[in-house]
file query.txt (compact mmCIF, C-alpha atoms)
# COMPACT_ATOMS: atom_id res chain seq x y z
CA MET A 1 67.62 191.12 93.96
CA LYS A 2 70.38 188.76 92.84
CA VAL A 3 69.59 185.29 94.15
CA CYS A 4 71.65 182.13 93.80
CA VAL A 5 70.11 178.72 94.52
CA VAL A 6 72.91 176.29 95.34
CA GLY A 7 71.35 172.90 94.72
CA ALA A 8 68.44 173.43 92.33
CA GLY A 9 66.87 170.03 92.97
CA ALA A 10 63.31 169.48 94.16
CA ILE A 11 63.09 172.18 96.84
CA GLY A 12 65.80 174.43 95.40
CA GLY A 13 64.20 174.28 91.97
CA TYR A 14 60.77 175.05 93.40
CA LEU A 15 62.18 178.15 95.07
CA ALA A 16 64.18 179.17 91.99
CA VAL A 17 61.23 179.16 89.59
CA ARG A 18 58.88 181.00 91.94
CA LEU A 19 61.50 183.64 92.83
CA ALA A 20 62.37 184.18 89.17
CA HIS A 21 58.70 184.72 88.34
CA ALA A 22 58.53 187.21 91.20
CA GLY A 23 61.09 189.32 89.34
CA HIS A 24 64.38 188.34 90.94
CA ASP A 25 67.62 187.72 89.05
CA VAL A 26 68.02 184.01 89.84
CA ALA A 27 71.10 181.87 89.15
CA VAL A 28 71.12 178.14 89.85
CA VAL A 29 73.81 175.63 90.69
CA ALA A 30 73.05 172.07 89.58
CA ARG A 31 74.85 169.19 87.89
CA GLY A 32 74.57 166.34 85.41
CA PRO A 33 71.54 165.83 83.16
CA HIS A 34 69.48 168.18 85.34
CA LEU A 35 71.91 171.04 84.66
CA ALA A 36 72.04 170.21 80.94
CA ALA A 37 68.25 170.32 80.72
CA ILE A 38 68.07 173.64 82.58
CA ARG A 39 70.62 175.15 80.21
CA GLU A 40 68.72 173.91 77.18
CA ARG A 41 65.09 174.44 78.16
CA GLY A 42 65.05 176.39 81.41
CA LEU A 43 63.68 175.14 84.72
CA THR A 44 60.02 174.09 84.76
CA LEU A 45 57.76 173.86 87.79
CA ILE A 46 54.58 171.79 87.56
CA GLU A 47 51.95 172.67 90.14
CA ALA A 48 48.38 171.50 90.59
CA ASP A 49 46.89 174.44 88.72
CA ARG A 50 49.69 175.73 86.52
CA GLU A 51 53.04 175.16 84.89
CA LEU A 52 55.82 177.76 85.11
CA THR A 53 59.14 177.87 83.29
CA ALA A 54 62.03 180.15 84.19
CA ALA A 55 65.22 180.79 82.28
CA PRO A 56 67.84 181.31 85.02
CA ALA A 57 70.22 184.24 84.72
CA ALA A 58 72.96 181.61 84.92
CA ALA A 59 73.10 177.84 85.35
CA THR A 60 76.37 176.20 86.34
CA ASP A 61 77.96 173.42 88.35
CA HIS A 62 80.69 175.70 89.73
CA LEU A 63 79.96 178.45 92.23
CA ARG A 64 83.10 180.27 91.17
CA ASP A 65 81.45 181.01 87.80
CA LEU A 66 79.06 183.40 89.57
CA GLY A 67 79.75 186.72 91.22
CA PRO A 68 78.56 188.08 94.57
CA GLN A 69 74.86 187.68 95.27
CA ASP A 70 72.39 189.45 97.52
CA LEU A 71 70.83 186.20 98.69
CA VAL A 72 72.24 182.66 98.57
CA LEU A 73 69.86 179.76 99.19
CA LEU A 74 71.88 176.74 100.28
CA ALA A 75 69.55 173.93 99.21
CA LEU A 76 72.08 171.09 99.11
CA LYS A 77 71.68 168.08 101.35
CA ALA A 78 73.69 168.18 104.57
CA HIS A 79 76.36 165.73 103.42
CA GLN A 80 76.96 167.73 100.21
CA ILE A 81 77.81 171.09 101.75
CA GLU A 82 81.47 170.56 102.65
CA ALA A 83 82.26 169.95 98.96
CA VAL A 84 81.29 173.53 98.04
CA VAL A 85 82.79 175.38 101.02
CA ASP A 86 85.93 176.38 99.12
CA GLU A 87 83.86 177.94 96.32
CA LEU A 88 81.23 179.57 98.52
CA PRO A 89 83.18 182.85 99.03
CA ALA A 90 82.76 183.58 95.30
CA LEU A 91 79.08 184.26 96.00
CA LEU A 92 79.60 186.45 99.03
CA GLY A 93 79.64 190.24 98.94
CA ALA A 94 79.68 192.58 101.89
CA GLY A 95 75.98 192.14 102.65
CA THR A 96 75.23 188.70 101.24
CA VAL A 97 72.77 186.67 103.31
CA LEU A 98 73.06 182.87 103.32
CA VAL A 99 69.82 180.95 103.94
CA THR A 100 70.18 177.31 104.99
CA LEU A 101 67.51 174.79 103.92
CA GLN A 102 68.87 171.44 105.09
CA ASN A 103 66.68 168.81 106.68
CA GLY A 104 67.53 167.89 110.23
CA ILE A 105 69.96 169.35 112.73
CA PRO A 106 72.17 171.96 110.99
CA TRP A 107 75.89 172.37 111.58
CA TRP A 108 75.22 175.79 113.14
CA TYR A 109 72.79 174.49 115.77
CA PHE A 110 75.01 175.45 118.73
CA GLN A 111 76.29 178.71 117.25
CA LYS A 112 74.76 181.89 118.69
CA LEU A 113 73.13 179.71 121.35
CA GLU A 114 73.50 180.45 125.03
CA GLY A 115 73.73 177.81 127.75
CA GLU A 116 75.74 174.74 128.62
CA PHE A 117 75.86 173.39 125.08
CA ALA A 118 76.91 176.62 123.34
CA GLY A 119 79.64 176.40 120.74
CA ARG A 120 79.55 172.64 120.15
CA VAL A 121 80.26 171.11 116.75
CA VAL A 122 77.60 168.65 115.58
CA SER A 123 79.94 165.90 114.42
CA ALA A 124 77.26 163.88 112.64
CA VAL A 125 76.77 166.63 110.04
CA ASP A 126 80.14 168.36 110.29
CA PRO A 127 82.64 165.64 111.26
CA ARG A 128 85.76 167.74 110.75
CA GLY A 129 84.25 171.02 111.92
CA VAL A 130 84.80 172.54 108.47
CA LEU A 131 81.38 174.17 108.18
CA PHE A 132 81.54 175.43 111.76
CA ARG A 133 84.89 177.13 111.10
CA ARG A 134 84.54 178.21 107.48
CA ILE A 135 80.98 179.57 107.21
CA ASP A 136 80.44 182.82 109.07
CA PRO A 137 77.39 182.41 111.35
CA ASP A 138 76.79 186.16 111.11
CA ARG A 139 75.70 185.62 107.48
CA LEU A 140 73.22 182.86 108.26
CA ILE A 141 69.45 182.78 108.39
CA GLY A 142 67.80 179.47 109.09
CA CYS A 143 64.85 178.25 107.04
CA ILE A 144 62.68 175.16 107.36
CA ALA A 145 61.43 173.74 104.06
CA TYR A 146 58.03 172.12 104.59
CA PRO A 147 56.90 171.53 100.97
CA ALA A 148 57.08 168.17 99.26
CA ALA A 149 58.40 168.18 95.70
CA VAL A 150 60.26 165.86 93.34
CA VAL A 151 62.48 166.16 90.29
CA ALA A 152 60.05 164.59 87.82
CA ARG A 153 62.72 164.47 85.10
CA PRO A 154 65.80 166.56 84.32
CA GLY A 155 64.86 170.22 84.30
CA VAL A 156 61.34 169.63 85.64
CA ILE A 157 60.19 169.98 89.25
CA ARG A 158 56.80 168.66 90.33
CA HIS A 159 55.33 170.27 93.42
CA ILE A 160 53.39 167.80 95.59
CA GLU A 161 52.06 169.89 98.47
CA GLY A 162 52.88 172.67 100.92
CA ASN A 163 54.33 176.16 100.56
CA ARG A 164 55.73 177.02 104.01
CA PHE A 165 59.28 178.29 104.41
CA PRO A 166 59.47 179.90 107.88
CA VAL A 167 62.72 181.80 108.52
CA GLY A 168 64.62 183.03 111.53
CA GLU A 169 67.87 184.52 112.77
CA LEU A 170 70.06 182.15 114.75
CA ASP A 171 69.73 184.34 117.83
CA GLY A 172 65.99 184.89 117.46
CA ARG A 173 66.11 188.62 116.69
CA GLU A 174 63.79 190.15 114.09
CA THR A 175 66.22 192.02 111.86
CA GLU A 176 65.85 194.00 108.68
CA ARG A 177 67.49 191.24 106.67
CA VAL A 178 65.23 188.46 107.96
CA ARG A 179 62.25 190.66 107.19
CA GLY A 180 63.68 191.09 103.69
CA VAL A 181 64.00 187.33 103.16
CA SER A 182 60.48 186.78 104.47
CA ALA A 183 59.13 189.50 102.18
CA ALA A 184 60.88 188.06 99.11
CA PHE A 185 59.52 184.58 99.81
CA THR A 186 56.04 185.92 100.51
CA ALA A 187 56.00 187.89 97.25
CA ALA A 188 56.91 184.66 95.44
CA GLY A 189 53.80 182.97 96.86
CA PHE A 190 55.26 181.21 99.88
CA LYS A 191 54.28 181.40 103.54
CA ALA A 192 57.42 182.62 105.30
CA ARG A 193 56.65 183.77 108.82
CA ILE A 194 59.53 185.05 110.92
CA LEU A 195 60.45 182.83 113.87
CA ASP A 196 61.89 183.94 117.18
CA ASP A 197 62.94 180.35 117.99
CA ILE A 198 64.24 178.70 114.84
CA ARG A 199 65.51 175.64 116.70
CA SER A 200 62.09 174.61 118.01
CA GLU A 201 60.73 174.76 114.46
CA ILE A 202 63.69 172.67 113.27
CA TRP A 203 62.73 170.00 115.79
CA LEU A 204 59.09 170.09 114.71
CA LYS A 205 60.02 169.38 111.09
CA LEU A 206 62.79 166.97 112.09
CA TRP A 207 60.37 165.10 114.32
CA GLY A 208 58.71 163.68 111.23
CA ASN A 209 61.80 163.46 109.03
CA LEU A 210 63.88 161.39 111.45
CA THR A 211 60.95 159.00 111.74
CA PHE A 212 59.26 158.60 108.37
CA ASN A 213 62.33 158.90 106.15
CA PRO A 214 64.25 155.90 107.56
CA ILE A 215 61.12 153.79 107.96
CA SER A 216 60.15 154.45 104.35
CA ALA A 217 63.68 153.77 103.11
CA LEU A 218 63.68 150.38 104.80
CA THR A 219 60.10 149.38 103.95
CA HIS A 220 59.46 151.22 100.65
CA ALA A 221 56.17 152.45 102.09
CA THR A 222 54.64 155.88 101.53
CA LEU A 223 53.66 158.23 104.34
CA VAL A 224 50.03 157.18 104.45
CA ASP A 225 50.98 153.49 104.45
CA ILE A 226 53.38 153.91 107.37
CA CYS A 227 50.78 155.82 109.38
CA ARG A 228 47.94 153.38 108.74
CA PHE A 229 49.85 150.15 109.39
CA PRO A 230 49.54 149.63 113.16
CA GLN A 231 53.05 148.31 113.80
CA SER A 232 54.82 151.02 111.82
CA ARG A 233 52.62 153.72 113.35
CA GLU A 234 53.61 152.43 116.79
CA LEU A 235 57.27 152.43 115.74
CA ALA A 236 56.97 156.02 114.51
CA ALA A 237 55.43 157.09 117.82
CA ALA A 238 58.24 155.43 119.79
CA MET A 239 60.90 157.18 117.71
CA MET A 240 59.20 160.52 118.06
CA THR A 241 58.85 160.12 121.84
CA GLU A 242 62.58 159.51 122.20
CA ALA A 243 63.45 162.44 119.93
CA GLN A 244 61.15 164.78 121.83
CA ALA A 245 62.97 163.99 125.07
CA VAL A 246 66.29 165.00 123.44
CA GLY A 247 64.88 168.18 121.92
CA GLU A 248 63.27 169.30 125.16
CA ARG A 249 66.50 168.68 127.08
CA LEU A 250 68.16 171.11 124.64
CA GLY A 251 65.46 173.71 125.24
CA ALA A 252 63.22 173.12 122.23
CA GLY A 253 59.46 173.35 122.48
CA PHE A 254 57.02 171.07 120.63
CA ARG A 255 53.90 173.11 119.87
CA VAL A 256 52.13 170.24 118.09
CA PRO A 257 51.07 167.03 119.92
CA LEU A 258 52.70 163.81 118.74
CA GLU A 259 49.53 162.23 117.36
CA ARG A 260 48.70 165.41 115.46
CA ARG A 261 52.16 165.35 113.88
CA ILE A 262 51.61 161.76 112.73
CA ALA A 263 48.18 162.68 111.40
CA GLY A 264 49.77 165.49 109.42
CA ALA A 265 52.13 163.03 107.75
CA GLU A 266 49.24 160.69 107.01
CA ALA A 267 47.32 163.52 105.36
CA VAL A 268 50.10 164.02 102.80
CA GLY A 269 49.01 160.70 101.30
CA ARG A 270 50.97 158.36 99.04
CA HIS A 271 54.08 160.51 98.98
CA LYS A 272 57.52 158.90 98.85
CA THR A 273 59.88 160.55 101.30
CA SER A 274 63.10 162.07 100.00
CA MET A 275 65.08 159.20 101.50
CA LEU A 276 62.96 156.59 99.73
CA GLN A 277 63.38 158.51 96.47
CA ASP A 278 67.16 158.36 97.01
CA VAL A 279 67.02 154.60 97.66
CA GLU A 280 65.17 154.08 94.40
CA ALA A 281 67.65 156.29 92.54
CA GLY A 282 70.70 154.65 94.11
CA LYS A 283 71.83 157.91 95.74
CA PRO A 284 73.59 158.32 99.12
CA LEU A 285 71.09 158.77 101.92
CA GLU A 286 70.67 161.92 104.01
CA ILE A 287 70.93 160.05 107.31
CA ASP A 288 73.21 161.94 109.63
CA GLY A 289 71.44 165.29 109.75
CA MET A 290 68.07 163.64 110.29
CA LEU A 291 68.90 160.73 112.58
CA GLY A 292 72.63 160.48 113.30
CA ALA A 293 72.71 163.98 114.77
CA VAL A 294 69.84 163.17 117.13
CA VAL A 295 71.61 160.02 118.31
CA GLU A 296 74.71 162.17 118.90
CA LEU A 297 72.71 164.76 120.83
CA ALA A 298 71.14 161.99 122.89
CA GLU A 299 74.65 161.01 123.98
CA VAL A 300 75.48 164.64 124.78
CA THR A 301 72.35 165.00 126.91
CA GLY A 302 72.49 161.55 128.48
CA ILE A 303 69.11 160.40 127.17
CA ALA A 304 68.51 156.78 126.12
CA VAL A 305 67.18 156.38 122.58
CA PRO A 306 67.23 152.63 121.82
CA THR A 307 64.63 152.79 119.03
CA LEU A 308 66.42 155.62 117.25
CA ARG A 309 69.72 153.75 117.54
CA ALA A 310 68.23 150.61 116.02
CA LEU A 311 66.78 152.44 113.02
CA TYR A 312 70.00 154.42 112.59
CA ALA A 313 72.01 151.18 112.45
CA CYS A 314 69.71 149.62 109.86
CA VAL A 315 69.45 152.61 107.54
CA SER A 316 73.21 153.28 107.84
CA LEU A 317 73.89 149.76 106.61
CA LEU A 318 71.46 150.30 103.74
CA ASP A 319 73.31 153.50 102.85
CA ARG A 320 76.67 151.71 102.87
CA THR A 321 75.28 148.99 100.62
CA ILE A 322 73.96 151.59 98.16
CA ARG A 323 77.31 153.38 98.10
CA GLU A 324 79.51 150.29 97.81
CA GLU A 325 77.41 148.17 95.48
CA GLY A 326 75.71 150.84 93.38
CA LEU A 327 72.40 149.46 94.57
CA ARG A 328 69.07 150.84 93.33
CA ILE A 329 65.89 149.43 94.79
CA ALA A 330 62.73 150.47 92.99
CA GLY A 331 59.44 148.63 92.82
CA ALA A 332 58.16 147.53 89.44
CA PRO A 333 55.15 149.44 88.05
CA ARG A 334 51.88 147.76 88.80
CA GLN A 335 50.44 145.83 85.86
CA ALA A 336 46.84 146.24 84.88
CA ASP A 337 44.60 143.36 85.89
CA LYS A 338 43.84 141.43 82.70
CA SER A 339 41.82 138.66 84.30
CA GLY A 340 38.19 137.90 83.47
call {"tool": "encode", "arguments": {"input": "query.txt", "output": "structure tokens"}}
result
Amino acid sequence: MKVCVVGAGAIGGYLAVRLAHAGHDVAVVARGPHLAAIRERGLTLIEADRELTAAPAAATDHLRDLGPQDLVLLALKAHQIEAVVDELPALLGAGTVLVTLQNGIPWWYFQKLEGEFAGRVVSAVDPRGVLFRRIDPDRLIGCIAYPAAVVARPGVIRHIEGNRFPVGELDGRETERVRGVSAAFTAAGFKARILDDIRSEIWLKLWGNLTFNPISALTHATLVDICRFPQSRELAAAMMTEAQAVGERLGAGFRVPLERRIAGAEAVGRHKTSMLQDVEAGKPLEIDGMLGAVVELAEVTGIAVPTLRALYACVSLLDRTIREEGLRIAGAPRQADKSG
């Protein structure tokens, strides 16, 4: 199968290497030093028990360099997607399936959804409605990326933990194509169960992301530190309680209790969230899909979310400072204790 990973960063690169080793013809879209390293040495994945390197069929920073694919994995961050919309048709053949892997509320959330909120544009992630209008929802399969991974250095992905990539059609049907995506992921070593309610699973993952990402970005704390410090654990619980009220008003179910979800984050250990990694690297923050969209949906549903609004204001200001001042905030490495 011809597979193109658009955005071969931490999660996209993890998928790309595993799928290539499963025998698929994998092309990757990346940029900068990461792309240069992939072209020179291939894409390497470091896991706990092994190291894999794949030489992509093609590596480019322009989608138009590639022809139609069987499967396109859209692994860009939410705020990066509009920039590639004009080039996306170059990858699309008659039967091409587009799998979305963004954190948070996706632009397609209200597409193929029945009820009073059907057909709404989520302005926080699609402010001009470009994605809503230009990407055919009939091509889409949703996917939730649970693993934690980092780009250790250009061309090298380090897997931290997790291997779950559940998938689902927007309308909940179990189709031949969603079975095909699930089978391809499973053969590559992932857990990819087929969901009949993709939106509830989105909320379950988002529940942690909208909480721990902004708190970590503002405090520079890892997941375990946030969960074990009483005040930040209490803050996380308050944010999650507000978010759950919004999700349930939109029809989502939360199959995991709140305290169990926090315990799951704590169990990951001293992992820096993706938003904290972006703060340290001086990159724009993925705020709107994770938190801004939930604040927007709270307005739509008439639910008060004062804690979410406060965190959204603070982390949005941090993002603006990073963008306008080229700010990078990284802690200094700990020095060995030379006393005694």
call {"tool": "atom_distance", "arguments": {"input": "query.txt", "atom1": "atom CA of A:His24", "atom2": "atom CA of A:Ala54"}}
result
10.9 Å
call {"tool": "atom_distance", "arguments": {"input": "query.txt", "atom1": "atom CA of A:Ile215", "atom2": "atom CA of A:Ile202"}}
result
19.8 Å
call {"tool": "axis_aligned_box", "arguments": {"input": "query.txt", "around": "stretch 21-31 of chain A", "padding_each_side": "5 Å", "output": "JSON"}}
result
{"center_x": 66.7, "center_y": 179.3, "center_z": 89.5, "size_x": 26.3, "size_y": 30.1, "size_z": 13.3}
call {"tool": "atom_distance", "arguments": {"input": "query.txt", "atom1": "atom CA of A:Pro306", "atom2": "atom CA of A:Arg199"}}
result
23.6 Å
call {"tool": "closest_residue", "arguments": {"input": "query.txt", "among": "A:Val224, A:Val279, A:Leu285, A:Met240", "to": "A:Ala263", "atoms": "all atoms listed in the file"}}
result
A:Val224
call {"tool": "closest_residue", "arguments": {"input": "query.txt", "among": "A:Gln111, A:Thr44, A:Thr219, A:Thr211", "to": "A:Gly292", "atoms": "only C-alpha atoms"}}
result
A:Thr211
call {"tool": "closest_residue", "arguments": {"input": "query.txt", "among": "A:Ala16, A:Ala94, A:Ala267, A:Val5", "to": "A:Val29", "atoms": "all atoms listed in the file"}}
result
A:Val5
call {"tool": "residues_around", "arguments": {"input": "query.txt", "residues": "A:Thr273", "least_positions_apart": "3", "cutoff": "12 Å", "atoms": "only C-alpha atoms", "output": "PyMOL selection string"}}
result
chain A and resi 10+103+147-150+160+208-226+265+268-270+276-280+285-286
call {"tool": "write_last_selection", "arguments": {"input": "query.txt", "atoms": "C-alpha atoms", "output": "compact mmCIF listing (two decimals), keeping the file's coordinate frame"}}
result
# COMPACT_ATOMS: atom_id res chain seq x y z
CA ALA A 10 63.31 169.48 94.16
CA ASN A 103 66.68 168.81 106.68
CA PRO A 147 56.90 171.53 100.97
CA ALA A 148 57.08 168.17 99.26
CA ALA A 149 58.40 168.18 95.70
CA VAL A 150 60.26 165.86 93.34
CA ILE A 160 53.39 167.80 95.59
CA GLY A 208 58.71 163.68 111.23
CA ASN A 209 61.80 163.46 109.03
CA LEU A 210 63.88 161.39 111.45
CA THR A 211 60.95 159.00 111.74
CA PHE A 212 59.26 158.60 108.37
CA ASN A 213 62.33 158.90 106.15
CA PRO A 214 64.25 155.90 107.56
CA ILE A 215 61.12 153.79 107.96
CA SER A 216 60.15 154.45 104.35
CA ALA A 217 63.68 153.77 103.11
CA LEU A 218 63.68 150.38 104.80
CA THR A 219 60.10 149.38 103.95
CA HIS A 220 59.46 151.22 100.65
CA ALA A 221 56.17 152.45 102.09
CA THR A 222 54.64 155.88 101.53
CA LEU A 223 53.66 158.23 104.34
CA VAL A 224 50.03 157.18 104.45
CA ASP A 225 50.98 153.49 104.45
CA ILE A 226 53.38 153.91 107.37
CA ALA A 265 52.13 163.03 107.75
CA VAL A 268 50.10 164.02 102.80
CA GLY A 269 49.01 160.70 101.30
CA ARG A 270 50.97 158.36 99.04
CA LEU A 276 62.96 156.59 99.73
CA GLN A 277 63.38 158.51 96.47
CA ASP A 278 67.16 158.36 97.01
CA VAL A 279 67.02 154.60 97.66
CA GLU A 280 65.17 154.08 94.40
CA LEU A 285 71.09 158.77 101.92
CA GLU A 286 70.67 161.92 104.01
call {"tool": "residues_around", "arguments": {"input": "query.txt", "residues": "stretch 151-156 of chain A", "least_positions_apart": "5", "cutoff": "7 Å", "atoms": "all atoms listed in the file", "output": "count of residues only"}}
result
10
call {"tool": "residues_near_point", "arguments": {"input": "query.txt", "point": "(64.2, 167.0, 124.8)", "cutoff": "12 Å", "atoms": "only C-alpha atoms", "output": "list in words"}}
result
Arg199, Ser200, Trp203, Leu204, Trp207, Met240, Thr241, Glu242, Ala243, Gln244, Ala245, Val246, Gly247, Glu248, Arg249, Leu250, Gly251, Ala252, Gly253, Phe254, Val294, Leu297, Ala298, Val300, Thr301, Gly302, Ile303, Ala304 and Val305 of chain A
call {"tool": "residues_around", "arguments": {"input": "query.txt", "residues": "stretch 168-170 of chain A", "least_positions_apart": "4", "cutoff": "12 Å", "atoms": "all atoms listed in the file", "output": "PyMOL selection string"}}
result
chain A and resi 97-101+106-114+136-144+174-182+192-202
call {"tool": "closest_residue", "arguments": {"input": "query.txt", "among": "A:Gly12, A:His159, A:Lys2, A:Arg18", "to": "A:Thr186", "atoms": "only C-alpha atoms"}}
result
A:Arg18
call {"tool": "closest_residue", "arguments": {"input": "query.txt", "among": "A:Phe185, A:Phe229, A:Phe117, A:Phe165", "to": "A:Ala20", "atoms": "all atoms listed in the file"}}
result
A:Phe185
call {"tool": "build_atoms", "arguments": {"input": "query.txt", "residues": "stretch 304-317 of chain A", "atoms": "N, CA and C atoms", "output": "compact mmCIF listing (two decimals), in the frame of the given file"}}
result
# COMPACT_ATOMS: atom_id res chain seq x y z
N ALA A 304 68.52 158.07 126.82
CA ALA A 304 68.51 156.78 126.12
C ALA A 304 67.54 156.83 124.96
N VAL A 305 68.02 156.39 123.78
CA VAL A 305 67.18 156.38 122.58
C VAL A 305 67.36 155.05 121.83
N PRO A 306 66.97 153.93 122.44
CA PRO A 306 67.23 152.63 121.82
C PRO A 306 66.54 152.43 120.47
N THR A 307 65.34 152.96 120.31
CA THR A 307 64.63 152.79 119.03
C THR A 307 65.32 153.58 117.93
N LEU A 308 65.71 154.81 118.24
CA LEU A 308 66.42 155.62 117.25
C LEU A 308 67.75 154.96 116.87
N ARG A 309 68.45 154.41 117.84
CA ARG A 309 69.72 153.75 117.54
C ARG A 309 69.53 152.55 116.62
N ALA A 310 68.48 151.79 116.85
CA ALA A 310 68.23 150.61 116.02
C ALA A 310 67.95 150.99 114.57
N LEU A 311 67.09 152.00 114.38
CA LEU A 311 66.78 152.44 113.02
C LEU A 311 68.00 153.06 112.36
N TYR A 312 68.78 153.80 113.13
CA TYR A 312 70.00 154.42 112.59
C TYR A 312 70.97 153.35 112.11
N ALA A 313 71.12 152.27 112.86
CA ALA A 313 72.01 151.18 112.45
C ALA A 313 71.54 150.55 111.15
N CYS A 314 70.24 150.29 111.06
CA CYS A 314 69.71 149.62 109.86
C CYS A 314 69.82 150.49 108.61
N VAL A 315 69.44 151.75 108.73
CA VAL A 315 69.45 152.61 107.54
C VAL A 315 70.88 153.00 107.17
N SER A 316 71.80 153.03 108.15
CA SER A 316 73.21 153.28 107.84
C SER A 316 73.80 152.13 107.04
N LEU A 317 73.42 150.91 107.38
CA LEU A 317 73.89 149.76 106.61
C LEU A 317 73.32 149.79 105.20
